[in-house]
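This report refers to the structure that appears directly beneath it.
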Amino acid sequence: MTTQVAEANTPINPVEPFLRMDRMPHIWCPGCGIGTTVNCFARALTSSGYDLDKVAIVSGIGCTGRVAGYLNLDSFHTTHGRAIPFATGLKLANPELKVVVYSGDGDLIAIGGNHLIHAARRNIDITVVCVNNMLYGMTGGQVGPATPNTAIASTAPYGAFEQPFNLPFLADSCGAVYVARWTSYHVRQMTRAMREAMAKPGFSFIEIVAPCPTLYQRRNRLGDGLDAMKYYKQRSTRKDGASTRDVDIDFQGDIVVGKFIDRERPTFLQAMNHRFTERLGSRYTPYPTGLED
Amino acid sequence: MTVDPKGVLTGHHYLDGDHACCEGALAAGCRFAAGYPITPSTEVVERISARFPMIGGVFIQMEDELASSIAVLGAAWAGKKSMTVTSGPGFSLMMEHIGLAAMTETPVVFVNVQRGGPSTGLPTLPGQADMMQARWGSHGDYEIIALCPNSPQECFDLTIEAFNLSEKYRVPVMFMMDECVGHMTERVIIPKPEELHVVDRKFTSRPPGEYLPYKVYDGWVPEMVKAGDGYRFHITGLTHNEVGYPAMNWQAQEKLVRRLIDKIRKNADEIAMYEEADTEDADVVVLSYGITSRVAMRGVEMARAQGAKVGTLRLIVVWPMPETKIREIAGKVKAIVVPEMNYGQVALEVERLAGGRTQTVLVPHGGGTVHDPEAIARAILEVSR
Ligand SMILES: Cc1ncc(C[n+]2csc(CCOP(=O)(O)OP(=O)(O)O)c2C)c(N)n1
Ligand code: SF4
Ligand SMILES: [Mg+2]
């Protein structure tokens, strides 16, 4: 992630065309993992060859929620937790668009959890990138639905004690057709996963474990962003196809990464066309699904 | 102005207000709707779910009203006219997205078939107690437009008008029905497509690079774009500048929020729709809206039979208020009588506008049934003495 506008005669960074350079510098702290994921996302877009005029990005609210505002795409910064239903309306109203939701663990799993599970169930054809920094960054590091026991957070000063969600298991059990997890250390794998997820028809979900040095690392005395990278490197194991049931993350424990789910299921619009055609016959003109060749 | 004839069910029908509202939306060109079941509004989306497949629209029943109220904003930014439908408790859940629609200037229609409240209240019985919520329910300062139909025919006609106003002013429009109007069946005449007045979205004709999403090139309202057309625009609920980028300072706030308010307030006389009768030599004017306006007519007749000189002013657009008209009436009558199914909402605004020049008399009713016309007649007679 570039933190400064490129000087006039420095060679431009290959991801610059994907960013709103007129909005730099961004708001993220030094060592924050969110920027790394954005860099990977920009590279995934480059190599995917999509017409970028047809790619839209939707964020909720949070540090990760600011991603939409930095990408040089049609971009929507919505309300806390509601990026997925906004994206649902956007996609269903114009299925030609490739729609990506990019937001944080609090946004997507806590306040927006209901929307996540239903969009996955319906198989809405969108890609959800969830940056899991294991707390609420934007508001100062409160405990969240992905905070492992017994990490310290500003509203869990004696350590978290609620059972956290295992995100891939949640997405899998709700019907997502593509589920992967990587960390911000795994830049190449993450980029490829983003490309695959966007190409996959239906509801795809990628969890990216990324550090919040300012709040999570510091409060838990885990060092800085670099220390987080060392932890991810040492404790991550790749297990493609692993049962999502088994991929919980304990405090500073092992992190199972990889592509867990890749399956086929009719999307919402395909299922809708199928039902209406079956029932209404020639009275029904199939609605575009965005998946026609 | 282009009317898609597929959405227009031309002819004479017997429809209830909920169904007529659905037909109005279809005729106005609404092609995306999202909702969550709630009495007494559900019939609107039931009919939409049956009708949309025949005309190329998409209906989705979302997981709650937070979801449906933002799905319609997503659809609007994809270029579709869109609507969501609810009643009291669901309306409460939609507040955050009424604010988002106001802030991002997204044209969209929110239908609220009002029932008795607060809370779960009286699910199957009428109320008019969400009028202030429609206006002020989301946080922050903003303006919306609210319409109140008093018959199934108006549920059809004014739903089209609600869409037209939302496009013209790029504002969320509240279509404030009530359980009586929603569930009463009457004749509804749907004209031919070419007889309808439908306002199209004003998309910019400026090419990308020469267009700023929140710059007002002309009048009060910026030109719109939709996703997928190469503008690479940014939309945010944060205070934003003309580019659409967040701008965290009081100057940007003043410029943006002032315009959001002024574009409605300064055009209130143009937006105003009301029915005025017999006010010329009246001692008392009865001001009402929605179903209560029909009950009030009976009260007016009873008072006239006893010699009272009564005029009527029925608000069709309730927000913004027709301030000039109300001030004018306040200057020449002994009292303005306001019956409404709440304990004083619109009446307070009338009182403010009357500014002490005349008496404002509220005839309150908690909802659950309509007013007793005699209560209205009594109030009229008392003040005309
Ligand atoms: C309805 C509502 N409630 C609360 C907030 C305050 N808020 C802003 S961001 C945030 C949490 C964000 O956490 P997460 O999604 O994990 O994003 P991060 O900042 O960690 O990237 C909260 C609670 C809000 N903006 N809206
Ligand atoms: S507070 Fe944490 S998540 Fe937010 S920008 Fe800083 S490091 Fe990143
Ligand atoms: Mg977070």
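Residues in the structure tokens are numbered from 1 in each chain, the chains being A, B, ... in the order shown, and ligands are numbered from 1 in the order shown.
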
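Selecting all polymer residues at most 7 Å from ligand 3, using only C-alpha atoms and all ligand atoms, gives Gly104, Asp105, Gly106, Val131, Asn132, Asn133, Met134, Leu135, Tyr136 and Gly137 of chain A.
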
Would you write out those residues with all heavy atoms, as a PDB file, in the first residue's frame?
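Result file follows (result_39.pdb):
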```pdb
ATOM      1  N   GLY A 104     -14.985  -4.982   7.582  1.00  0.00           N
ATOM      2  CA  GLY A 104     -14.308  -5.565   8.734  1.00  0.00           C
ATOM      3  C   GLY A 104     -15.108  -6.657   9.420  1.00  0.00           C
ATOM      4  O   GLY A 104     -16.271  -6.916   9.090  1.00  0.00           O
ATOM      5  N   ASP A 105     -14.483  -7.292  10.402  1.00  0.00           N
ATOM      6  CA  ASP A 105     -15.125  -8.394  11.129  1.00  0.00           C
ATOM      7  C   ASP A 105     -16.306  -7.903  11.966  1.00  0.00           C
ATOM      8  O   ASP A 105     -17.340  -8.568  12.040  1.00  0.00           O
ATOM      9  CB  ASP A 105     -14.092  -9.114  12.018  1.00  0.00           C
ATOM     10  CG  ASP A 105     -13.282  -8.158  12.888  1.00  0.00           C
ATOM     11  OD1 ASP A 105     -12.722  -7.192  12.339  1.00  0.00           O
ATOM     12  OD2 ASP A 105     -13.208  -8.358  14.114  1.00  0.00           O
ATOM     13  N   GLY A 106     -16.184  -6.735  12.565  1.00  0.00           N
ATOM     14  CA  GLY A 106     -17.302  -6.221  13.359  1.00  0.00           C
ATOM     15  C   GLY A 106     -18.478  -5.892  12.450  1.00  0.00           C
ATOM     16  O   GLY A 106     -19.630  -6.240  12.725  1.00  0.00           O
ATOM     17  N   VAL A 131     -11.848  -8.385   6.305  1.00  0.00           N
ATOM     18  CA  VAL A 131     -10.555  -8.205   6.960  1.00  0.00           C
ATOM     19  C   VAL A 131     -10.779  -8.396   8.462  1.00  0.00           C
ATOM     20  O   VAL A 131     -11.456  -7.599   9.106  1.00  0.00           O
ATOM     21  CB  VAL A 131      -9.953  -6.821   6.656  1.00  0.00           C
ATOM     22  CG1 VAL A 131      -8.657  -6.619   7.443  1.00  0.00           C
ATOM     23  CG2 VAL A 131      -9.705  -6.669   5.160  1.00  0.00           C
ATOM     24  N   ASN A 132     -10.225  -9.494   8.969  1.00  0.00           N
ATOM     25  CA  ASN A 132     -10.431  -9.837  10.377  1.00  0.00           C
ATOM     26  C   ASN A 132      -9.216  -9.422  11.202  1.00  0.00           C
ATOM     27  O   ASN A 132      -8.203 -10.109  11.228  1.00  0.00           O
ATOM     28  CB  ASN A 132     -10.679 -11.350  10.504  1.00  0.00           C
ATOM     29  CG  ASN A 132     -10.944 -11.754  11.951  1.00  0.00           C
ATOM     30  OD1 ASN A 132     -11.081 -10.892  12.826  1.00  0.00           O
ATOM     31  ND2 ASN A 132     -11.007 -13.053  12.196  1.00  0.00           N
ATOM     32  N   ASN A 133      -9.357  -8.265  11.859  1.00  0.00           N
ATOM     33  CA  ASN A 133      -8.293  -7.833  12.770  1.00  0.00           C
ATOM     34  C   ASN A 133      -8.692  -8.133  14.213  1.00  0.00           C
ATOM     35  O   ASN A 133      -8.092  -7.666  15.151  1.00  0.00           O
ATOM     36  CB  ASN A 133      -7.951  -6.352  12.567  1.00  0.00           C
ATOM     37  CG  ASN A 133      -9.189  -5.469  12.656  1.00  0.00           C
ATOM     38  OD1 ASN A 133     -10.235  -5.891  13.140  1.00  0.00           O
ATOM     39  ND2 ASN A 133      -9.067  -4.239  12.204  1.00  0.00           N
ATOM     40  N   MET A 134      -9.747  -8.905  14.354  1.00  0.00           N
ATOM     41  CA  MET A 134     -10.172  -9.470  15.629  1.00  0.00           C
ATOM     42  C   MET A 134     -10.678  -8.463  16.640  1.00  0.00           C
ATOM     43  O   MET A 134     -10.783  -8.755  17.818  1.00  0.00           O
ATOM     44  CB  MET A 134      -9.060 -10.330  16.236  1.00  0.00           C
ATOM     45  CG  MET A 134      -8.659 -11.429  15.259  1.00  0.00           C
ATOM     46  SD  MET A 134      -7.438 -12.530  15.928  1.00  0.00           S
ATOM     47  CE  MET A 134      -7.370 -13.749  14.606  1.00  0.00           C
ATOM     48  N   LEU A 135     -10.995  -7.267  16.169  1.00  0.00           N
ATOM     49  CA  LEU A 135     -11.663  -6.294  17.037  1.00  0.00           C
ATOM     50  C   LEU A 135     -12.232  -5.150  16.217  1.00  0.00           C
ATOM     51  O   LEU A 135     -12.154  -5.146  14.995  1.00  0.00           O
ATOM     52  CB  LEU A 135     -10.737  -5.756  18.139  1.00  0.00           C
ATOM     53  CG  LEU A 135      -9.311  -5.326  17.824  1.00  0.00           C
ATOM     54  CD1 LEU A 135      -9.222  -4.341  16.700  1.00  0.00           C
ATOM     55  CD2 LEU A 135      -8.634  -4.779  19.058  1.00  0.00           C
ATOM     56  N   TYR A 136     -12.835  -4.208  16.915  1.00  0.00           N
ATOM     57  CA  TYR A 136     -13.365  -3.003  16.287  1.00  0.00           C
ATOM     58  C   TYR A 136     -12.245  -1.973  16.266  1.00  0.00           C
ATOM     59  O   TYR A 136     -11.956  -1.353  17.289  1.00  0.00           O
ATOM     60  CB  TYR A 136     -14.531  -2.445  17.102  1.00  0.00           C
ATOM     61  CG  TYR A 136     -15.794  -3.270  17.106  1.00  0.00           C
ATOM     62  CD1 TYR A 136     -15.863  -4.492  17.754  1.00  0.00           C
ATOM     63  CD2 TYR A 136     -16.932  -2.797  16.472  1.00  0.00           C
ATOM     64  CE1 TYR A 136     -17.033  -5.230  17.764  1.00  0.00           C
ATOM     65  CE2 TYR A 136     -18.106  -3.527  16.482  1.00  0.00           C
ATOM     66  CZ  TYR A 136     -18.149  -4.750  17.128  1.00  0.00           C
ATOM     67  OH  TYR A 136     -19.307  -5.463  17.135  1.00  0.00           O
ATOM     68  N   GLY A 137     -11.618  -1.797  15.103  1.00  0.00           N
ATOM     69  CA  GLY A 137     -10.498  -0.874  15.020  1.00  0.00           C
ATOM     70  C   GLY A 137     -10.940   0.579  15.098  1.00  0.00           C
ATOM     71  O   GLY A 137     -10.500   1.338  15.967  1.00  0.00           O
TER      72      GLY A 137
END
```

For a quick test of understanding: name the residues of chain A lying within 9 Å of chain B when counting only C-alpha atoms, and present them as an mmCIF file with N, CA, C and O atoms, in the first residue's frame.
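Output below, filename iface_11.cif:
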```cif
data_model
loop_
_atom_site.group_PDB
_atom_site.id
_atom_site.type_symbol
_atom_site.label_atom_id
_atom_site.label_comp_id
_atom_site.auth_asym_id
_atom_site.auth_seq_id
_atom_site.Cartn_x
_atom_site.Cartn_y
_atom_site.Cartn_z
ATOM 1 N N ARG A 23 -6.843 10.939 -3.072
ATOM 2 C CA ARG A 23 -7.270 10.835 -1.672
ATOM 3 C C ARG A 23 -6.119 10.429 -0.756
ATOM 4 O O ARG A 23 -6.323 10.223 0.433
ATOM 5 N N LEU A 52 -13.021 -2.512 -15.690
ATOM 6 C CA LEU A 52 -13.158 -1.934 -14.346
ATOM 7 C C LEU A 52 -14.347 -0.981 -14.224
ATOM 8 O O LEU A 52 -14.789 -0.678 -13.120
ATOM 9 N N ASP A 53 -14.862 -0.537 -15.353
ATOM 10 C CA ASP A 53 -16.076 0.287 -15.294
ATOM 11 C C ASP A 53 -17.274 -0.530 -14.817
ATOM 12 O O ASP A 53 -18.306 0.023 -14.452
ATOM 13 N N LYS A 54 -17.126 -1.842 -14.851
ATOM 14 C CA LYS A 54 -18.244 -2.712 -14.465
ATOM 15 C C LYS A 54 -17.998 -3.386 -13.117
ATOM 16 O O LYS A 54 -18.676 -4.350 -12.763
ATOM 17 N N VAL A 55 -16.982 -2.925 -12.402
ATOM 18 C CA VAL A 55 -16.713 -3.488 -11.078
ATOM 19 C C VAL A 55 -17.109 -2.442 -10.040
ATOM 20 O O VAL A 55 -16.703 -1.290 -10.139
ATOM 21 N N ALA A 56 -17.910 -2.838 -9.070
ATOM 22 C CA ALA A 56 -18.323 -1.898 -8.020
ATOM 23 C C ALA A 56 -17.903 -2.455 -6.676
ATOM 24 O O ALA A 56 -17.919 -3.669 -6.452
ATOM 25 N N ALA A 68 -13.493 1.121 0.288
ATOM 26 C CA ALA A 68 -14.249 1.537 -0.909
ATOM 27 C C ALA A 68 -13.822 2.932 -1.362
ATOM 28 O O ALA A 68 -13.682 3.186 -2.553
ATOM 29 N N GLY A 69 -13.570 3.798 -0.398
ATOM 30 C CA GLY A 69 -13.264 5.182 -0.732
ATOM 31 C C GLY A 69 -11.911 5.392 -1.383
ATOM 32 O O GLY A 69 -11.645 6.462 -1.926
ATOM 33 N N LEU A 71 -10.576 3.092 -3.641
ATOM 34 C CA LEU A 71 -10.471 2.358 -4.898
ATOM 35 C C LEU A 71 -11.103 3.142 -6.032
ATOM 36 O O LEU A 71 -12.190 3.701 -5.889
ATOM 37 N N ASN A 72 -10.408 3.150 -7.151
ATOM 38 C CA ASN A 72 -10.860 3.923 -8.300
ATOM 39 C C ASN A 72 -11.877 3.115 -9.117
ATOM 40 O O ASN A 72 -11.630 2.714 -10.247
ATOM 41 N N LEU A 73 -12.990 2.852 -8.467
ATOM 42 C CA LEU A 73 -14.086 2.084 -9.062
ATOM 43 C C LEU A 73 -15.368 2.821 -8.686
ATOM 44 O O LEU A 73 -15.325 3.745 -7.883
ATOM 45 N N ASP A 74 -16.507 2.401 -9.189
ATOM 46 C CA ASP A 74 -17.759 2.878 -8.615
ATOM 47 C C ASP A 74 -17.769 2.345 -7.187
ATOM 48 O O ASP A 74 -17.686 1.128 -6.977
ATOM 49 N N SER A 75 -17.822 3.237 -6.212
ATOM 50 C CA SER A 75 -17.564 2.803 -4.840
ATOM 51 C C SER A 75 -18.575 3.394 -3.870
ATOM 52 O O SER A 75 -18.959 4.555 -3.993
ATOM 53 N N PHE A 76 -18.979 2.575 -2.914
ATOM 54 C CA PHE A 76 -20.056 2.952 -2.000
ATOM 55 C C PHE A 76 -19.658 2.695 -0.562
ATOM 56 O O PHE A 76 -19.327 1.570 -0.185
ATOM 57 N N HIS A 77 -19.689 3.749 0.228
ATOM 58 C CA HIS A 77 -19.380 3.689 1.653
ATOM 59 C C HIS A 77 -20.728 3.843 2.339
ATOM 60 O O HIS A 77 -21.303 4.925 2.321
ATOM 61 N N THR A 78 -21.268 2.765 2.879
ATOM 62 C CA THR A 78 -22.688 2.752 3.247
ATOM 63 C C THR A 78 -22.896 2.979 4.746
ATOM 64 O O THR A 78 -22.417 3.960 5.278
ATOM 65 N N THR A 79 -23.618 2.086 5.421
ATOM 66 C CA THR A 79 -23.809 2.232 6.868
ATOM 67 C C THR A 79 -23.201 1.008 7.550
ATOM 68 O O THR A 79 -22.876 0.010 6.899
ATOM 69 N N ARG A 82 -24.272 -2.834 6.852
ATOM 70 C CA ARG A 82 -25.280 -3.017 5.798
ATOM 71 C C ARG A 82 -24.700 -3.027 4.388
ATOM 72 O O ARG A 82 -25.433 -2.818 3.414
ATOM 73 N N ALA A 83 -23.411 -3.251 4.268
ATOM 74 C CA ALA A 83 -22.822 -3.283 2.924
ATOM 75 C C ALA A 83 -23.433 -4.413 2.093
ATOM 76 O O ALA A 83 -23.693 -4.244 0.897
ATOM 77 N N ILE A 84 -23.678 -5.553 2.710
ATOM 78 C CA ILE A 84 -24.171 -6.706 1.935
ATOM 79 C C ILE A 84 -25.579 -6.444 1.375
ATOM 80 O O ILE A 84 -25.800 -6.647 0.184
ATOM 81 N N PRO A 85 -26.539 -5.987 2.181
ATOM 82 C CA PRO A 85 -27.832 -5.706 1.540
ATOM 83 C C PRO A 85 -27.788 -4.573 0.517
ATOM 84 O O PRO A 85 -28.530 -4.609 -0.468
ATOM 85 N N PHE A 86 -26.917 -3.592 0.702
ATOM 86 C CA PHE A 86 -26.761 -2.573 -0.347
ATOM 87 C C PHE A 86 -26.266 -3.245 -1.622
ATOM 88 O O PHE A 86 -26.807 -3.035 -2.709
ATOM 89 N N ALA A 87 -25.228 -4.082 -1.457
ATOM 90 C CA ALA A 87 -24.647 -4.780 -2.610
ATOM 91 C C ALA A 87 -25.676 -5.695 -3.270
ATOM 92 O O ALA A 87 -25.690 -5.860 -4.491
ATOM 93 N N THR A 88 -26.553 -6.262 -2.470
ATOM 94 C CA THR A 88 -27.606 -7.132 -3.004
ATOM 95 C C THR A 88 -28.510 -6.336 -3.946
ATOM 96 O O THR A 88 -28.796 -6.775 -5.068
ATOM 97 N N GLY A 89 -28.927 -5.158 -3.511
ATOM 98 C CA GLY A 89 -29.765 -4.310 -4.366
ATOM 99 C C GLY A 89 -29.038 -3.887 -5.633
ATOM 100 O O GLY A 89 -29.592 -3.902 -6.730
ATOM 101 N N LEU A 90 -27.777 -3.518 -5.465
ATOM 102 C CA LEU A 90 -26.968 -3.070 -6.606
ATOM 103 C C LEU A 90 -26.836 -4.186 -7.640
ATOM 104 O O LEU A 90 -27.047 -3.993 -8.835
ATOM 105 N N LYS A 91 -26.493 -5.374 -7.161
ATOM 106 C CA LYS A 91 -26.262 -6.506 -8.054
ATOM 107 C C LYS A 91 -27.552 -6.955 -8.741
ATOM 108 O O LYS A 91 -27.576 -7.208 -9.946
ATOM 109 N N LEU A 92 -28.637 -7.056 -7.969
ATOM 110 C CA LEU A 92 -29.891 -7.542 -8.558
ATOM 111 C C LEU A 92 -30.455 -6.528 -9.548
ATOM 112 O O LEU A 92 -31.097 -6.899 -10.521
ATOM 113 N N ALA A 93 -30.194 -5.245 -9.317
ATOM 114 C CA ALA A 93 -30.728 -4.234 -10.222
ATOM 115 C C ALA A 93 -29.883 -4.121 -11.490
ATOM 116 O O ALA A 93 -30.368 -3.693 -12.525
ATOM 117 N N ASN A 94 -28.615 -4.485 -11.410
ATOM 118 C CA ASN A 94 -27.771 -4.532 -12.613
ATOM 119 C C ASN A 94 -26.797 -5.703 -12.526
ATOM 120 O O ASN A 94 -25.651 -5.556 -12.109
ATOM 121 N N GLU A 96 -25.028 -7.133 -14.529
ATOM 122 C CA GLU A 96 -23.827 -7.017 -15.340
ATOM 123 C C GLU A 96 -22.629 -6.576 -14.479
ATOM 124 O O GLU A 96 -21.473 -6.771 -14.860
ATOM 125 N N LEU A 97 -22.912 -5.976 -13.335
ATOM 126 C CA LEU A 97 -21.835 -5.485 -12.472
ATOM 127 C C LEU A 97 -21.189 -6.629 -11.710
ATOM 128 O O LEU A 97 -21.857 -7.562 -11.272
ATOM 129 N N ASN A 114 -26.542 -10.918 10.290
ATOM 130 C CA ASN A 114 -27.788 -11.434 9.722
ATOM 131 C C ASN A 114 -27.781 -11.343 8.195
ATOM 132 O O ASN A 114 -28.266 -12.237 7.503
ATOM 133 N N HIS A 115 -27.211 -10.260 7.677
ATOM 134 C CA HIS A 115 -27.197 -10.075 6.224
ATOM 135 C C HIS A 115 -26.227 -11.049 5.569
ATOM 136 O O HIS A 115 -26.487 -11.577 4.494
ATOM 137 N N HIS A 118 -27.802 -14.541 5.318
ATOM 138 C CA HIS A 118 -28.883 -14.651 4.334
ATOM 139 C C HIS A 118 -28.392 -14.463 2.901
ATOM 140 O O HIS A 118 -28.911 -15.103 1.984
ATOM 141 N N PHE A 276 -39.535 -19.194 -12.040
ATOM 142 C CA PHE A 276 -40.562 -18.441 -12.761
ATOM 143 C C PHE A 276 -40.812 -19.049 -14.140
ATOM 144 O O PHE A 276 -41.946 -19.082 -14.610
ATOM 145 N N LEU A 280 -44.342 -20.095 -14.961
ATOM 146 C CA LEU A 280 -45.052 -19.125 -15.797
ATOM 147 C C LEU A 280 -44.857 -19.361 -17.294
ATOM 148 O O LEU A 280 -45.534 -18.746 -18.120
ATOM 149 N N ARG A 283 -44.921 -16.741 -20.384
ATOM 150 C CA ARG A 283 -45.332 -15.437 -19.850
ATOM 151 C C ARG A 283 -44.155 -14.742 -19.164
ATOM 152 O O ARG A 283 -44.217 -13.550 -18.868
ATOM 153 N N TYR A 284 -43.099 -15.508 -18.898
ATOM 154 C CA TYR A 284 -41.954 -14.944 -18.181
ATOM 155 C C TYR A 284 -40.749 -14.782 -19.106
ATOM 156 O O TYR A 284 -40.347 -15.732 -19.779
ATOM 157 N N THR A 285 -40.185 -13.593 -19.136
ATOM 158 C CA THR A 285 -38.930 -13.369 -19.863
ATOM 159 C C THR A 285 -37.809 -13.422 -18.837
ATOM 160 O O THR A 285 -37.795 -12.616 -17.908
ATOM 161 N N PRO A 286 -36.882 -14.391 -19.004
ATOM 162 C CA PRO A 286 -35.829 -14.498 -17.990
ATOM 163 C C PRO A 286 -35.078 -13.183 -17.786
ATOM 164 O O PRO A 286 -34.828 -12.447 -18.730
ATOM 165 N N TYR A 287 -34.776 -12.933 -16.539
ATOM 166 C CA TYR A 287 -34.065 -11.716 -16.135
ATOM 167 C C TYR A 287 -32.572 -11.973 -16.335
ATOM 168 O O TYR A 287 -32.095 -13.094 -16.113
#
```

Output the neighbourhood of ligand 1 as JSON, numbers by chain, that is, all protein and nucleic acid residues with some atom at most 10 Å from the ligand, counting only C-alpha atoms and all ligand atoms. {"A": [28, 32, 33, 34, 59, 60, 61, 62, 63, 64, 65, 66, 67, 78, 79, 80, 81, 82, 102, 103, 104, 105, 106, 107, 108, 109, 110, 111, 112, 130, 131, 132, 133, 134, 135, 136, 137, 138, 139, 140, 141, 142, 143, 144, 145, 146, 147, 210, 211, 212, 215, 216], "B": [96]}

12 Å contact set for Glu301 in chain B, only C-alpha atoms, chain neighbours under 3 positions out, as a VMD selection string: chain B and resid 286 294 to 298 304 to 312 373 to 374 376 to 378 380 to 381

Using only C-alpha atoms, determine which residues lie at most 9 Å from Ser166 in chain B, disregarding the query and same-chain residues fewer than 3 positions distant; provide the list as a PDB file with C-alpha atoms, in the first residue's frame.
```pdb
ATOM      1  CA  THR B 106     -30.755   8.926  -3.507  1.00  0.00           C
ATOM      2  CA  PRO B 107     -34.190   8.965  -5.124  1.00  0.00           C
ATOM      3  CA  VAL B 108     -36.274   6.271  -3.462  1.00  0.00           C
ATOM      4  CA  VAL B 109     -39.776   5.789  -2.052  1.00  0.00           C
ATOM      5  CA  ILE B 145     -41.122  14.907   1.337  1.00  0.00           C
ATOM      6  CA  GLU B 161     -46.251  11.506  -7.660  1.00  0.00           C
ATOM      7  CA  ALA B 162     -44.014  10.191  -4.848  1.00  0.00           C
ATOM      8  CA  PHE B 163     -41.647   8.702  -7.415  1.00  0.00           C
ATOM      9  CA  TYR B 169     -35.493  16.564  -5.805  1.00  0.00           C
ATOM     10  CA  ARG B 170     -33.272  13.482  -5.328  1.00  0.00           C
ATOM     11  CA  VAL B 171     -34.775  12.896  -1.938  1.00  0.00           C
ATOM     12  CA  PRO B 172     -36.344   9.941  -0.124  1.00  0.00           C
ATOM     13  CA  VAL B 173     -40.120  10.367  -0.287  1.00  0.00           C
TER      14      VAL B 173
END
```

Pick out each residue of range 2-158 of chain B that DSSP on the backbone tags as helix (DSSP H, G or I); I need them as an MDAnalysis selection string. chainID B and resid 5:7 17:28 42:55 65:77 88:104 131:136 152:158

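Here the residues within range 42-81 of chain B that DSSP labels strand (DSSP E) on the basis of the backbone are Val58, Phe59, Ile60, Gln61 and Lys81 of chain B.
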
May I have the residues within 10 Å of Lys192 in chain B as a PyMOL selection string, using only C-alpha atoms and disregarding those fewer than 2 positions away in the same chain? chain B and resi 3+5+8-11+27+189-190+194-196

Could you pull the residues within 12 Å of Tyr231 in chain A, counting only C-alpha atoms, minus those fewer than 6 positions along the same chain, as number ranges by chain? A: 183-185, 209-211, 217, 222-225, 237, 251-255
